[in-house]
>>> print(open('input.txt').read())   # compact mmCIF, C-alpha atoms
# COMPACT_ATOMS: atom_id res chain seq x y z
CA MET A 77 1.70 -24.33 -14.52
CA ARG A 78 -1.31 -22.02 -14.56
CA THR A 79 -1.26 -18.74 -12.69
CA LEU A 80 -4.08 -17.65 -10.40
CA VAL A 81 -5.45 -15.38 -13.13
CA GLU A 82 -5.53 -18.27 -15.62
CA HIS A 83 -7.37 -20.50 -13.15
CA ALA A 84 -9.88 -17.71 -12.52
CA LYS A 85 -10.45 -17.13 -16.24
CA LYS A 86 -11.36 -20.81 -16.58
CA GLY A 87 -13.80 -20.46 -13.70
CA THR A 88 -11.75 -22.67 -11.36
CA VAL A 89 -12.08 -21.70 -7.70
CA THR A 90 -8.71 -22.70 -6.26
CA LEU A 91 -8.04 -23.45 -2.59
CA LEU A 92 -6.33 -20.05 -2.29
CA MET A 93 -9.44 -18.31 -3.61
CA GLN A 94 -11.63 -20.36 -1.25
CA LEU A 95 -9.52 -19.50 1.79
CA THR A 96 -9.34 -15.81 0.86
CA ALA A 97 -13.10 -15.65 0.33
CA GLU A 98 -13.70 -17.24 3.74
CA ALA A 99 -11.35 -14.78 5.42
CA GLU A 100 -13.17 -11.86 3.77
CA GLY A 101 -16.69 -13.19 4.19
CA VAL A 102 -17.43 -13.10 0.47
CA ASP A 103 -18.66 -15.65 -2.05
CA PRO A 104 -15.75 -17.67 -3.58
CA GLU A 105 -17.35 -17.66 -7.03
CA LEU A 106 -17.69 -13.89 -6.87
CA LEU A 107 -14.04 -13.51 -5.87
CA CYS A 108 -13.01 -15.84 -8.69
CA GLY A 109 -14.94 -13.63 -11.11
CA HIS A 110 -13.24 -10.49 -9.82
CA ILE A 111 -9.79 -12.06 -10.25
CA ALA A 112 -10.71 -13.19 -13.78
CA ALA A 113 -11.73 -9.64 -14.65
CA GLY A 114 -8.66 -8.07 -13.01
CA ARG A 115 -10.69 -6.39 -10.27
CA ALA A 116 -8.97 -8.32 -7.44
CA VAL A 117 -5.66 -10.03 -6.71
CA ILE A 118 -4.36 -12.36 -4.02
CA MET A 119 -0.88 -11.63 -2.72
CA GLN A 120 0.71 -14.71 -1.17
CA ARG A 121 3.82 -15.82 0.68
CA GLY A 122 3.90 -19.38 1.97
CA THR A 123 0.67 -20.02 3.87
CA CYS A 124 -0.04 -16.29 4.31
CA PHE A 125 -2.36 -14.64 1.78
CA VAL A 126 -4.05 -11.27 1.35
CA GLY A 127 -6.89 -10.42 -1.02
CA ILE A 128 -6.86 -6.90 -2.48
CA GLY A 129 -9.55 -5.37 -4.64
CA LYS A 130 -13.26 -5.10 -5.29
CA GLY A 131 -15.52 -6.25 -2.47
CA LEU A 132 -12.58 -6.88 -0.13
CA ARG A 133 -11.53 -5.05 3.02
CA THR A 134 -9.20 -2.10 2.37
CA LYS A 135 -5.66 -3.29 3.02
CA ILE A 136 -2.64 -1.56 4.60
CA ASN A 137 0.98 -1.79 3.47
CA VAL A 138 3.81 -1.07 5.93
CA ASN A 139 7.07 0.29 4.51
CA LEU A 140 10.31 -0.60 6.24
CA GLY A 141 13.96 -0.94 5.28
CA THR A 142 17.33 0.75 5.73
CA SER A 143 18.53 3.94 4.06
CA THR A 144 21.98 5.14 3.03
CA GLY A 145 21.86 7.36 6.15
CA LYS A 146 20.70 4.80 8.72
CA ILE A 147 21.36 1.06 8.85
CA CYS A 148 20.10 -0.95 11.83
CA ILE A 149 18.79 -4.40 11.01
CA GLU A 150 17.45 -4.87 14.55
CA ASP A 151 15.18 -1.85 14.04
CA GLU A 152 13.94 -3.20 10.71
CA LEU A 153 13.11 -6.57 12.24
CA GLU A 154 11.28 -4.83 15.09
CA LYS A 155 9.29 -2.80 12.54
CA ALA A 156 8.40 -6.05 10.77
CA ARG A 157 7.29 -7.56 14.09
CA ILE A 158 5.11 -4.52 14.76
CA ALA A 159 3.55 -4.82 11.30
CA GLU A 160 2.60 -8.44 11.98
CA THR A 161 1.45 -7.87 15.57
CA PHE A 162 -0.67 -4.79 14.98
CA GLY A 163 -2.57 -5.74 11.85
CA GLY A 164 -0.53 -4.77 8.80
CA ASP A 165 -1.56 -6.70 5.71
CA THR A 166 1.66 -6.51 3.69
CA ILE A 167 5.18 -5.18 4.17
CA SER A 168 7.55 -3.52 1.70
CA ASP A 169 11.31 -3.84 2.09
CA LEU A 170 12.72 -0.60 0.70
CA SER A 171 16.28 -1.14 1.95
CA MET A 172 18.98 0.97 0.30
CA GLY A 173 21.78 0.67 2.86
CA GLY A 174 24.01 -2.15 4.12
CA ASP A 175 23.96 -5.71 2.81
CA ILE A 176 20.56 -5.52 1.15
CA ASN A 177 20.29 -9.22 0.33
CA ALA A 178 21.16 -10.20 3.90
CA ILE A 179 18.68 -7.68 5.27
CA ARG A 180 15.92 -9.01 3.04
CA ALA A 181 16.78 -12.60 3.97
CA ALA A 182 16.46 -11.67 7.65
CA ILE A 183 13.12 -9.95 7.08
CA LEU A 184 11.84 -12.98 5.17
CA ALA A 185 13.03 -15.27 7.96
CA HIS A 186 11.31 -13.24 10.69
CA THR A 187 7.98 -12.52 8.97
CA THR A 188 5.07 -14.27 7.31
CA LEU A 189 3.32 -11.33 5.62
CA PRO A 190 3.53 -10.93 1.82
CA LEU A 191 6.63 -8.91 0.93
CA THR A 192 6.97 -6.25 -1.79
CA THR A 193 10.18 -4.68 -3.14
CA VAL A 194 11.15 -1.87 -5.50
CA PRO A 195 13.95 -3.52 -7.56
CA ILE A 196 15.35 -0.25 -8.92
CA TYR A 197 16.39 0.69 -5.36
CA GLN A 198 18.81 -2.20 -4.98
CA THR A 199 20.02 -1.80 -8.56
CA VAL A 200 21.07 1.82 -8.11
CA VAL A 201 22.75 1.10 -4.77
CA GLU A 202 24.80 -1.79 -6.13
CA HIS A 203 25.68 -0.41 -9.59
CA GLY A 204 25.36 3.36 -9.28
CA LEU A 205 23.12 5.67 -11.27
CA LYS A 206 25.83 6.46 -13.81
CA ASN A 207 26.91 2.88 -14.42
CA MET A 208 23.81 0.69 -14.15
CA THR A 209 22.39 -0.90 -17.29
CA ALA A 210 19.06 -2.28 -18.41
CA ASP A 211 20.49 -5.77 -17.82
CA ASP A 212 21.31 -4.80 -14.23
CA ILE A 213 17.77 -3.52 -13.67
CA LEU A 214 16.13 -6.68 -15.02
CA GLY A 215 18.71 -8.86 -13.26
CA THR A 216 17.73 -7.40 -9.88
CA LEU A 217 14.08 -8.18 -10.59
CA ARG A 218 14.95 -11.79 -11.44
CA MET A 219 17.09 -12.17 -8.33
CA GLN A 220 14.48 -10.72 -5.97
CA ALA A 221 11.76 -12.90 -7.50
CA LYS A 222 13.89 -15.97 -6.73
CA GLN A 223 14.28 -14.76 -3.14
CA GLY A 224 10.54 -15.23 -2.66
CA ILE A 225 9.02 -11.75 -2.82
CA SER A 226 5.26 -11.59 -3.32
CA SER A 227 5.06 -8.38 -5.33
CA CYS A 228 7.31 -5.88 -7.11
CA VAL A 229 6.84 -2.17 -7.77
CA LEU A 230 8.03 -1.04 -11.21
CA HIS A 231 7.89 2.62 -12.16
CA CYS A 232 6.92 2.52 -15.83
CA VAL A 233 7.47 6.20 -16.57
CA SER A 234 7.67 6.66 -20.35
CA ARG A 235 9.54 9.08 -22.59
CA ALA A 236 6.19 10.64 -23.45
CA MET A 237 5.59 11.32 -19.74
CA LEU A 238 9.00 12.97 -19.37
CA ASP A 239 8.34 15.17 -22.40
CA LEU A 240 5.11 16.35 -20.75
CA TYR A 241 6.92 16.88 -17.45
CA LYS A 242 9.38 19.28 -19.10
CA LYS A 243 6.54 21.46 -20.42
CA LYS A 244 4.82 22.17 -17.09
CA LYS A 245 6.78 23.26 -14.05
CA ARG A 246 5.77 21.89 -10.69
CA ILE A 247 6.77 23.26 -7.32
CA LEU A 248 8.16 19.90 -6.26
CA GLY A 249 8.71 18.07 -9.56
CA ILE A 250 8.94 14.27 -9.38
CA VAL A 251 8.91 13.16 -5.72
CA SER A 252 8.74 9.41 -6.30
CA LYS A 253 12.18 7.99 -5.44
CA GLY A 254 11.81 4.96 -7.71
CA GLY A 255 10.30 7.14 -10.42
CA SER A 256 13.10 9.70 -10.22
CA ILE A 257 15.83 7.03 -10.40
CA THR A 258 14.17 5.40 -13.41
CA SER A 259 13.64 8.78 -15.09
CA ALA A 260 17.25 9.83 -14.50
CA PHE A 261 18.45 6.56 -16.05
CA MET A 262 16.31 7.21 -19.14
CA LEU A 263 17.48 10.82 -19.48
CA LYS A 264 21.15 9.97 -18.99
CA ASN A 265 21.07 7.18 -21.56
CA GLN A 266 18.51 8.82 -23.88
CA CYS A 267 16.49 5.60 -23.90
CA GLU A 268 13.04 4.26 -23.21
CA ASN A 269 12.22 2.78 -19.81
CA PRO A 270 13.78 -0.73 -19.64
CA TYR A 271 10.66 -2.02 -17.90
CA ILE A 272 8.53 -0.88 -20.86
CA GLU A 273 11.05 -1.89 -23.51
CA HIS A 274 11.39 -5.37 -21.97
CA PHE A 275 7.86 -5.67 -20.62
CA ASP A 276 7.40 -9.18 -22.03
CA GLU A 277 10.40 -10.32 -20.01
CA VAL A 278 9.02 -8.59 -16.92
CA LEU A 279 5.75 -10.47 -17.40
CA SER A 280 7.62 -13.74 -17.88
CA ILE A 281 9.35 -13.29 -14.52
CA CYS A 282 6.07 -12.40 -12.78
CA ARG A 283 4.31 -15.37 -14.38
CA LYS A 284 7.03 -17.82 -13.36
CA HIS A 285 6.67 -16.85 -9.69
CA ASP A 286 2.97 -15.82 -9.86
CA MET A 287 3.95 -12.46 -8.34
CA VAL A 288 1.69 -9.44 -8.22
CA LEU A 289 2.96 -6.67 -10.48
CA SER A 290 2.49 -3.21 -8.97
CA LEU A 291 2.72 -0.35 -11.48
CA GLY A 292 4.28 2.58 -9.64
CA ASN A 293 3.08 6.16 -9.25
CA THR A 294 5.96 8.28 -10.64
CA ALA A 295 3.82 11.33 -11.39
CA ARG A 296 2.15 11.81 -7.99
CA SER A 297 2.11 15.34 -6.60
CA GLY A 298 4.57 16.47 -3.94
CA CYS A 299 2.36 19.24 -2.54
CA ILE A 300 -1.30 20.20 -2.67
CA HIS A 301 -0.53 23.10 -5.03
CA ASP A 302 0.82 20.72 -7.69
CA ARG A 303 -2.52 19.83 -9.21
CA ARG A 304 -3.26 17.04 -11.67
CA ASP A 305 -1.39 17.73 -14.91
CA PRO A 306 -0.84 16.11 -18.35
CA MET A 307 1.98 13.93 -17.01
CA GLN A 308 -0.33 12.39 -14.41
CA ARG A 309 -3.05 11.79 -16.98
CA GLU A 310 -0.52 10.13 -19.29
CA GLU A 311 0.60 7.88 -16.44
CA ILE A 312 -3.00 6.82 -15.79
CA ARG A 313 -3.41 5.95 -19.47
CA ASN A 314 -0.02 4.23 -19.70
CA ASN A 315 -0.45 2.17 -16.53
CA ALA A 316 -3.96 1.11 -17.55
CA LEU A 317 -2.64 -0.19 -20.88
CA LEU A 318 0.28 -2.02 -19.25
CA ALA A 319 -2.02 -3.49 -16.60
CA LYS A 320 -4.36 -4.80 -19.28
CA ARG A 321 -1.43 -6.35 -21.11
CA ALA A 322 -0.19 -7.99 -17.89
CA HIS A 323 -3.62 -9.36 -17.03
CA GLU A 324 -4.06 -10.78 -20.52
CA SER A 325 -0.73 -12.57 -19.98
CA GLY A 326 -2.01 -14.19 -16.78
CA VAL A 327 -0.21 -11.84 -14.39
CA GLN A 328 -1.97 -10.32 -11.37
CA VAL A 329 -1.60 -6.54 -11.35
CA ILE A 330 -2.42 -3.52 -9.23
CA ILE A 331 -1.99 0.16 -10.11
CA GLU A 332 -0.48 2.78 -7.83
CA GLY A 333 -2.10 6.15 -8.25
CA CYS A 334 -3.72 9.14 -6.58
CA GLY A 335 -1.02 9.13 -3.91
CA GLY A 336 1.25 11.85 -2.59
CA HIS A 337 -0.28 15.22 -1.75
CA ILE A 338 -3.83 16.04 -2.85
CA ARG A 339 -6.11 18.72 -1.46
CA SER A 340 -9.01 17.19 0.43
CA ASP A 341 -11.78 18.36 -1.89
CA ARG A 342 -10.09 16.67 -4.88
CA ILE A 343 -9.38 13.21 -3.44
CA ALA A 344 -12.73 11.55 -4.18
CA ARG A 345 -12.88 12.98 -7.71
CA TYR A 346 -9.36 11.81 -8.54
CA ILE A 347 -10.09 8.32 -7.17
CA ARG A 348 -13.22 8.10 -9.30
CA GLU A 349 -11.18 9.07 -12.38
CA TYR A 350 -8.78 6.17 -11.70
CA ARG A 351 -11.66 3.79 -11.13
CA LYS A 352 -13.22 4.85 -14.42
CA ALA A 353 -9.92 4.43 -16.31
CA SER A 354 -9.34 0.77 -15.36
CA PRO A 355 -10.81 -2.06 -13.26
CA PHE A 356 -7.57 -3.03 -11.53
CA PRO A 357 -7.06 -2.67 -7.75
CA LEU A 358 -5.90 0.82 -6.80
CA PHE A 359 -2.98 1.30 -4.40
CA VAL A 360 -2.73 4.76 -2.81
CA ALA A 361 0.16 6.22 -0.79
CA GLY A 362 -1.56 8.49 1.73
CA PRO A 363 -2.69 10.81 0.28
CA LEU A 364 -1.72 13.86 2.32
CA PRO A 365 -4.36 16.63 2.12
CA THR A 366 -2.10 19.28 3.70
CA ASP A 367 1.60 20.22 3.63
CA ILE A 368 1.93 21.68 7.15
CA GLY A 369 1.61 18.50 9.24
CA ALA A 370 5.28 17.58 9.65
CA GLY A 371 5.58 15.42 12.75
CA TYR A 372 1.90 14.49 12.46
CA ASP A 373 1.74 13.41 8.82
CA HIS A 374 0.37 10.02 9.89
CA ILE A 375 -2.75 11.87 11.07
CA ALA A 376 -2.99 14.02 7.94
CA GLY A 377 -2.39 10.93 5.81
CA ALA A 378 -5.10 8.98 7.64
CA VAL A 379 -7.57 11.79 6.92
CA GLY A 380 -6.71 11.54 3.22
CA GLY A 381 -6.58 7.74 3.33
CA SER A 382 -10.09 7.43 4.78
CA ALA A 383 -11.44 9.67 2.01
CA ALA A 384 -9.55 7.67 -0.63
CA SER A 385 -10.78 4.34 0.73
CA ALA A 386 -14.36 5.56 0.92
CA ALA A 387 -14.16 6.75 -2.71
CA GLY A 388 -12.90 3.37 -3.96
CA ALA A 389 -9.19 2.88 -3.19
CA ASP A 390 -8.45 -0.77 -2.39
CA TYR A 391 -5.02 -0.63 -0.77
CA LEU A 392 -3.33 2.11 1.29
CA CYS A 393 0.36 2.63 1.95
CA TYR A 394 0.72 3.99 5.47
CA ILE A 395 2.53 7.20 6.39
CA THR A 396 4.40 7.66 9.68
CA PRO A 397 5.00 10.74 11.87
CA ALA A 398 8.56 10.80 10.46
CA GLU A 399 7.38 11.44 6.88
CA HIS A 400 9.49 14.23 5.30
CA LEU A 401 11.74 14.21 8.39
CA GLY A 402 13.73 10.99 8.57
CA LEU A 403 13.73 7.20 8.56
CA PRO A 404 10.94 6.11 10.94
CA GLY A 405 11.81 4.08 14.03
CA PRO A 406 9.67 1.21 15.35
CA ALA A 407 7.44 3.47 17.48
CA ALA A 408 6.66 5.70 14.48
CA VAL A 409 5.84 2.61 12.40
CA LYS A 410 3.25 1.53 14.95
CA GLU A 411 1.69 5.01 15.05
CA GLY A 412 1.45 5.14 11.27
CA LEU A 413 0.03 1.63 11.00
CA MET A 414 -2.69 2.21 13.61
CA ALA A 415 -3.67 5.55 12.05
CA PHE A 416 -4.09 3.91 8.65
CA ARG A 417 -5.95 0.88 10.03
CA ILE A 418 -8.49 3.36 11.38
CA ALA A 419 -8.55 5.18 8.02
CA ALA A 420 -9.14 1.93 6.13
CA HIS A 421 -11.95 0.93 8.48
CA ILE A 422 -13.63 4.33 8.11
CA GLY A 423 -13.45 3.94 4.34
CA ASP A 424 -14.95 0.45 4.51
CA THR A 425 -17.89 1.65 6.60
CA VAL A 426 -18.74 3.99 3.72
CA LYS A 427 -17.73 1.75 0.81
CA TYR A 428 -19.19 -1.53 2.05
CA GLY A 429 -21.23 -0.66 5.14
CA ARG A 430 -18.81 -2.67 7.30
CA ASP A 431 -19.83 -1.21 10.65
CA LYS A 432 -20.75 -4.35 12.59
CA GLU A 433 -17.80 -3.89 14.96
CA ASP A 434 -18.81 -0.28 15.59
CA LYS A 435 -22.31 -1.34 16.64
CA LYS A 436 -20.84 -3.94 19.01
CA VAL A 437 -18.69 -1.29 20.70
CA ALA A 438 -21.65 1.10 20.85
CA ARG A 439 -23.73 -1.49 22.73
CA LEU A 440 -20.85 -2.13 25.15
CA ARG A 441 -20.56 1.61 25.71
CA ALA A 442 -24.29 1.87 26.34
CA ALA A 443 -23.98 -0.96 28.88
CA LEU A 444 -21.06 0.88 30.54
CA ASP A 445 -18.96 -2.22 29.87
CA ARG A 446 -15.57 -0.53 29.97
CA GLU A 447 -13.54 -3.72 29.82
CA GLY A 448 -15.55 -4.93 26.82
CA GLN A 449 -14.81 -1.70 24.96
CA ILE A 450 -11.10 -2.09 25.66
CA ARG A 451 -11.09 -5.69 24.44
CA CYS A 452 -12.77 -4.64 21.17
CA ALA A 453 -10.35 -1.77 20.48
CA MET A 454 -7.93 -2.04 17.54
CA ASP A 455 -5.10 -1.76 20.07
CA PRO A 456 -6.38 -3.06 23.44
CA SER A 457 -3.03 -2.49 25.17
CA ARG A 458 -3.09 1.19 24.22
CA ALA A 459 -6.73 1.58 25.28
CA ARG A 460 -5.99 -0.05 28.64
CA GLU A 461 -2.96 2.19 29.14
CA LEU A 462 -5.13 5.29 28.70
CA SER A 463 -7.89 4.02 31.00
CA ASP A 464 -5.97 5.09 34.14
CA GLY A 465 -6.31 1.55 35.47
CA GLU A 466 -9.60 2.58 37.07
CA LYS A 467 -12.75 0.47 37.02
CA GLU A 468 -14.80 3.45 35.81
CA CYS A 469 -14.01 6.24 33.36
CA THR A 470 -12.43 9.25 35.10
CA MET A 471 -13.47 11.73 32.39
CA CYS A 472 -16.96 12.47 33.77
CA GLY A 473 -16.77 10.75 37.14
CA GLU A 474 -20.15 10.91 38.86
CA PHE A 475 -21.64 13.02 36.09
CA CYS A 476 -21.74 10.37 33.35
CA ALA A 477 -24.33 11.32 30.72
CA ILE A 478 -25.47 7.71 30.27
CA LYS A 479 -25.89 7.19 34.04
CA ILE A 480 -27.74 10.49 34.47
CA MET A 481 -30.27 9.76 31.75
CA ARG A 482 -30.83 6.22 33.05
CA GLU A 483 -31.78 7.66 36.46
CA PHE A 484 -34.05 10.39 35.23
>>> encode(input="input.txt", output="structure tokens")
Amino acid sequence: MRTLVEHAKKGTVTLLMQLTAEAEGVDPELLCGHIAAGRAVIMQRGTCFVGIGKGLRTKINVNLGTSTGKICIEDELEKARIAETFGGDTISDLSMGGDINAIRAAILAHTTLPLTTVPIYQTVVEHGLKNMTADDILGTLRMQAKQGISSCVLHCVSRAMLDLYKKKKRILGIVSKGGSITSAFMLKNQCENPYIEHFDEVLSICRKHDMVLSLGNTARSGCIHDRRDPMQREEIRNNALLAKRAHESGVQVIIEGCGGHIRSDRIARYIREYRKASPFPLFVAGPLPTDIGAGYDHIAGAVGGSAASAAGADYLCYITPAEHLGLPGPAAVKEGLMAFRIAAHIGDTVKYGRDKEDKKVARLRAALDREGQIRCAMDPSRARELSDGEKECTMCGEFCAIKIMREF
């Protein structure tokens, strides 16, 4: 059976491409061409689908899942409900505590959004860092693919990258959890990355289930003082080559990069470097342009995310107020999601001129249509809550600038 990439390369506009194009307001033939060239992907689960890439709205991923320190499946299901209710595009189950398969089954049963996993997480929990093998790592990928995930994140850190890492000291080293686990496995066993060594098998699994392969961002910076270094440049080169190989094999692929902590004045330049290195959709975690925002990192991340989206990032991974502090609860998930929805929209107004909704709200504001503004808000319930329940805005009262200028 042909994969979506193979259909696109033959110029066949499938029903999935047609529906995605309609949802995005783009030409189906154009979308088909972008998929054929690797510039766009469609992540799917059942009847739910999300287009990511060139010409498409910037998408938001919502992380959820248990940790070894906190296991509450009810919280995770509530986070998933929030993601669906408040406009998340995809969810990632990053569970590392409790019965991981049962937790994932529950999340799949209670959601419709495309679901991503990081297979190395479950592997290390179930087998231990000292005992797990390459067969265990690939076996987890196979098992999760059968469970019905839509995408998998594989950290393809290479021995060459680790050699470069040893030569230049960072303040915070490797801060990617999946990347650090994979790197530790390679160093302990003095071997190459199993995902790279068995990449053909990885592609076979992705092809069989037509999953989107997400190449992880092991080398991202953990603070704004850890600037771009040879390890990061090697990861860009390595991921671009692997992505090309995956695409040639008929597998949809996105690249994670330019995430973590990046000073504000460097974000656009770094994004442009990624865009120049490969055509594949770019997935960015954050980025955070400051290190002093603990408790408000969703706001700092949204500032960085809007700059990244405007510069060309296609897909943002949200950050919550609990970043660096603990496992986020449902309320923090909603705050992070809404902050990043705003960031993505700001980026799209720059990247694609998508400001039609802004003009609509501006006209309602000019007409003093308070209820209309509330209805058009990203979160109408929140806007109504802050409106004091009054018919007119209580900020200016009688001295409303618009009313004054209408009279005089």
>>> closest_residue(input="input.txt", among="A:Ser382, A:Asn265, A:Asn315, A:Thr134", to="Ser234 of chain A", atoms="only C-alpha atoms")
A:Asn315
>>> closest_residue(input="input.txt", among="A:Arg348, A:Leu318, A:Ile128, A:Met307", to="His274 of chain A", atoms="only C-alpha atoms")
A:Leu318
>>> residues_around(input="input.txt", residues="segment 331-336 of chain A", least_positions_apart="5", cutoff="9 Å", atoms="only C-alpha atoms", output="ChimeraX atom specification")
/A:229,251-252,289-300,308,311-312,315-316,319,343,346-347,350,356-365,384,389,393
>>> write_last_selection(input="input.txt", atoms="C-alpha atoms", output="PDB file, in the frame of the given file")
ATOM      1  CA  VAL A 229       6.840  -2.170  -7.770  1.00  0.00           C
ATOM      2  CA  VAL A 251       8.910  13.160  -5.720  1.00  0.00           C
ATOM      3  CA  SER A 252       8.740   9.410  -6.300  1.00  0.00           C
ATOM      4  CA  LEU A 289       2.960  -6.670 -10.480  1.00  0.00           C
ATOM      5  CA  SER A 290       2.490  -3.210  -8.970  1.00  0.00           C
ATOM      6  CA  LEU A 291       2.720  -0.350 -11.480  1.00  0.00           C
ATOM      7  CA  GLY A 292       4.280   2.580  -9.640  1.00  0.00           C
ATOM      8  CA  ASN A 293       3.080   6.160  -9.250  1.00  0.00           C
ATOM      9  CA  THR A 294       5.960   8.280 -10.640  1.00  0.00           C
ATOM     10  CA  ALA A 295       3.820  11.330 -11.390  1.00  0.00           C
ATOM     11  CA  ARG A 296       2.150  11.810  -7.990  1.00  0.00           C
ATOM     12  CA  SER A 297       2.110  15.340  -6.600  1.00  0.00           C
ATOM     13  CA  GLY A 298       4.570  16.470  -3.940  1.00  0.00           C
ATOM     14  CA  CYS A 299       2.360  19.240  -2.540  1.00  0.00           C
ATOM     15  CA  ILE A 300      -1.300  20.200  -2.670  1.00  0.00           C
ATOM     16  CA  GLN A 308      -0.330  12.390 -14.410  1.00  0.00           C
ATOM     17  CA  GLU A 311       0.600   7.880 -16.440  1.00  0.00           C
ATOM     18  CA  ILE A 312      -3.000   6.820 -15.790  1.00  0.00           C
ATOM     19  CA  ASN A 315      -0.450   2.170 -16.530  1.00  0.00           C
ATOM     20  CA  ALA A 316      -3.960   1.110 -17.550  1.00  0.00           C
ATOM     21  CA  ALA A 319      -2.020  -3.490 -16.600  1.00  0.00           C
ATOM     22  CA  ILE A 343      -9.380  13.210  -3.440  1.00  0.00           C
ATOM     23  CA  TYR A 346      -9.360  11.810  -8.540  1.00  0.00           C
ATOM     24  CA  ILE A 347     -10.090   8.320  -7.170  1.00  0.00           C
ATOM     25  CA  TYR A 350      -8.780   6.170 -11.700  1.00  0.00           C
ATOM     26  CA  PHE A 356      -7.570  -3.030 -11.530  1.00  0.00           C
ATOM     27  CA  PRO A 357      -7.060  -2.670  -7.750  1.00  0.00           C
ATOM     28  CA  LEU A 358      -5.900   0.820  -6.800  1.00  0.00           C
ATOM     29  CA  PHE A 359      -2.980   1.300  -4.400  1.00  0.00           C
ATOM     30  CA  VAL A 360      -2.730   4.760  -2.810  1.00  0.00           C
ATOM     31  CA  ALA A 361       0.160   6.220  -0.790  1.00  0.00           C
ATOM     32  CA  GLY A 362      -1.560   8.490   1.730  1.00  0.00           C
ATOM     33  CA  PRO A 363      -2.690  10.810   0.280  1.00  0.00           C
ATOM     34  CA  LEU A 364      -1.720  13.860   2.320  1.00  0.00           C
ATOM     35  CA  PRO A 365      -4.360  16.630   2.120  1.00  0.00           C
ATOM     36  CA  ALA A 384      -9.550   7.670  -0.630  1.00  0.00           C
ATOM     37  CA  ALA A 389      -9.190   2.880  -3.190  1.00  0.00           C
ATOM     38  CA  CYS A 393       0.360   2.630   1.950  1.00  0.00           C
TER      39      CYS A 393
END
>>> atom_distance(input="input.txt", atom1="atom CA of Ile281 of chain A", atom2="atom CA of Glu100 of chain A")
29.0 Å
>>> closest_residue(input="input.txt", among="A:Asn207, A:Ser256, A:Thr123, A:Thr216", to="Thr188 of chain A", atoms="only C-alpha atoms")
A:Thr123
>>> closest_residue(input="input.txt", among="A:Lys135, A:Arg313, A:Lys253, A:Arg430", to="Gly101 of chain A", atoms="only C-alpha atoms")
A:Arg430
>>> residues_around(input="input.txt", residues="Gly173 of chain A", least_positions_apart="2", cutoff="8 Å", atoms="only C-alpha atoms", output="number ranges by chain")
A: 142-147, 171, 175-176, 201
>>> write_last_selection(input="input.txt", atoms="C-alpha atoms", output="CSV table (one decimal), in the frame of the given file")
chain,number,residue,atom,x,y,z
A,142,THR,CA,17.3,0.8,5.7
A,143,SER,CA,18.5,3.9,4.1
A,144,THR,CA,22.0,5.1,3.0
A,145,GLY,CA,21.9,7.4,6.2
A,146,LYS,CA,20.7,4.8,8.7
A,147,ILE,CA,21.4,1.1,8.8
A,171,SER,CA,16.3,-1.1,2.0
A,175,ASP,CA,24.0,-5.7,2.8
A,176,ILE,CA,20.6,-5.5,1.2
A,201,VAL,CA,22.8,1.1,-4.8
>>> closest_residue(input="input.txt", among="A:Gly204, A:Gly215, A:Gly371, A:Gly131", to="Ile257 of chain A", atoms="all atoms listed in the file")
A:Gly204
>>> closest_residue(input="input.txt", among="A:Cys282, A:Ala353, A:Ile167, A:Ala438", to="Gln328 of chain A", atoms="only C-alpha atoms")
A:Cys282
>>> atom_distance(input="input.txt", atom1="atom CA of Leu80 of chain A", atom2="atom CA of Leu279 of chain A")
14.0 Å
>>> atom_distance(input="input.txt", atom1="atom CA of Ala159 of chain A", atom2="atom CA of Pro404 of chain A")
13.2 Å
>>> build_atoms(input="input.txt", residues="segment 472-480 of chain A", atoms="N, CA and C atoms", output="compact mmCIF listing (two decimals), in the frame of the given file")
# COMPACT_ATOMS: atom_id res chain seq x y z
N CYS A 472 -15.77 11.81 33.25
CA CYS A 472 -16.96 12.47 33.77
C CYS A 472 -17.20 12.16 35.25
N GLY A 473 -16.57 11.10 35.74
CA GLY A 473 -16.77 10.75 37.14
C GLY A 473 -18.22 10.47 37.46
N GLU A 474 -18.75 11.14 38.46
CA GLU A 474 -20.15 10.91 38.86
C GLU A 474 -21.14 11.43 37.84
N PHE A 475 -20.70 12.37 37.01
CA PHE A 475 -21.64 13.02 36.09
C PHE A 475 -21.57 12.40 34.68
N CYS A 476 -21.71 11.09 34.62
CA CYS A 476 -21.74 10.37 33.35
C CYS A 476 -23.08 10.57 32.68
N ALA A 477 -23.09 11.03 31.43
CA ALA A 477 -24.33 11.32 30.72
C ALA A 477 -25.24 10.10 30.65
N ILE A 478 -24.65 8.92 30.39
CA ILE A 478 -25.47 7.71 30.27
C ILE A 478 -26.10 7.38 31.62
N LYS A 479 -25.35 7.49 32.71
CA LYS A 479 -25.89 7.19 34.04
C LYS A 479 -27.00 8.17 34.42
N ILE A 480 -26.76 9.45 34.12
CA ILE A 480 -27.74 10.49 34.47
C ILE A 480 -29.07 10.22 33.78
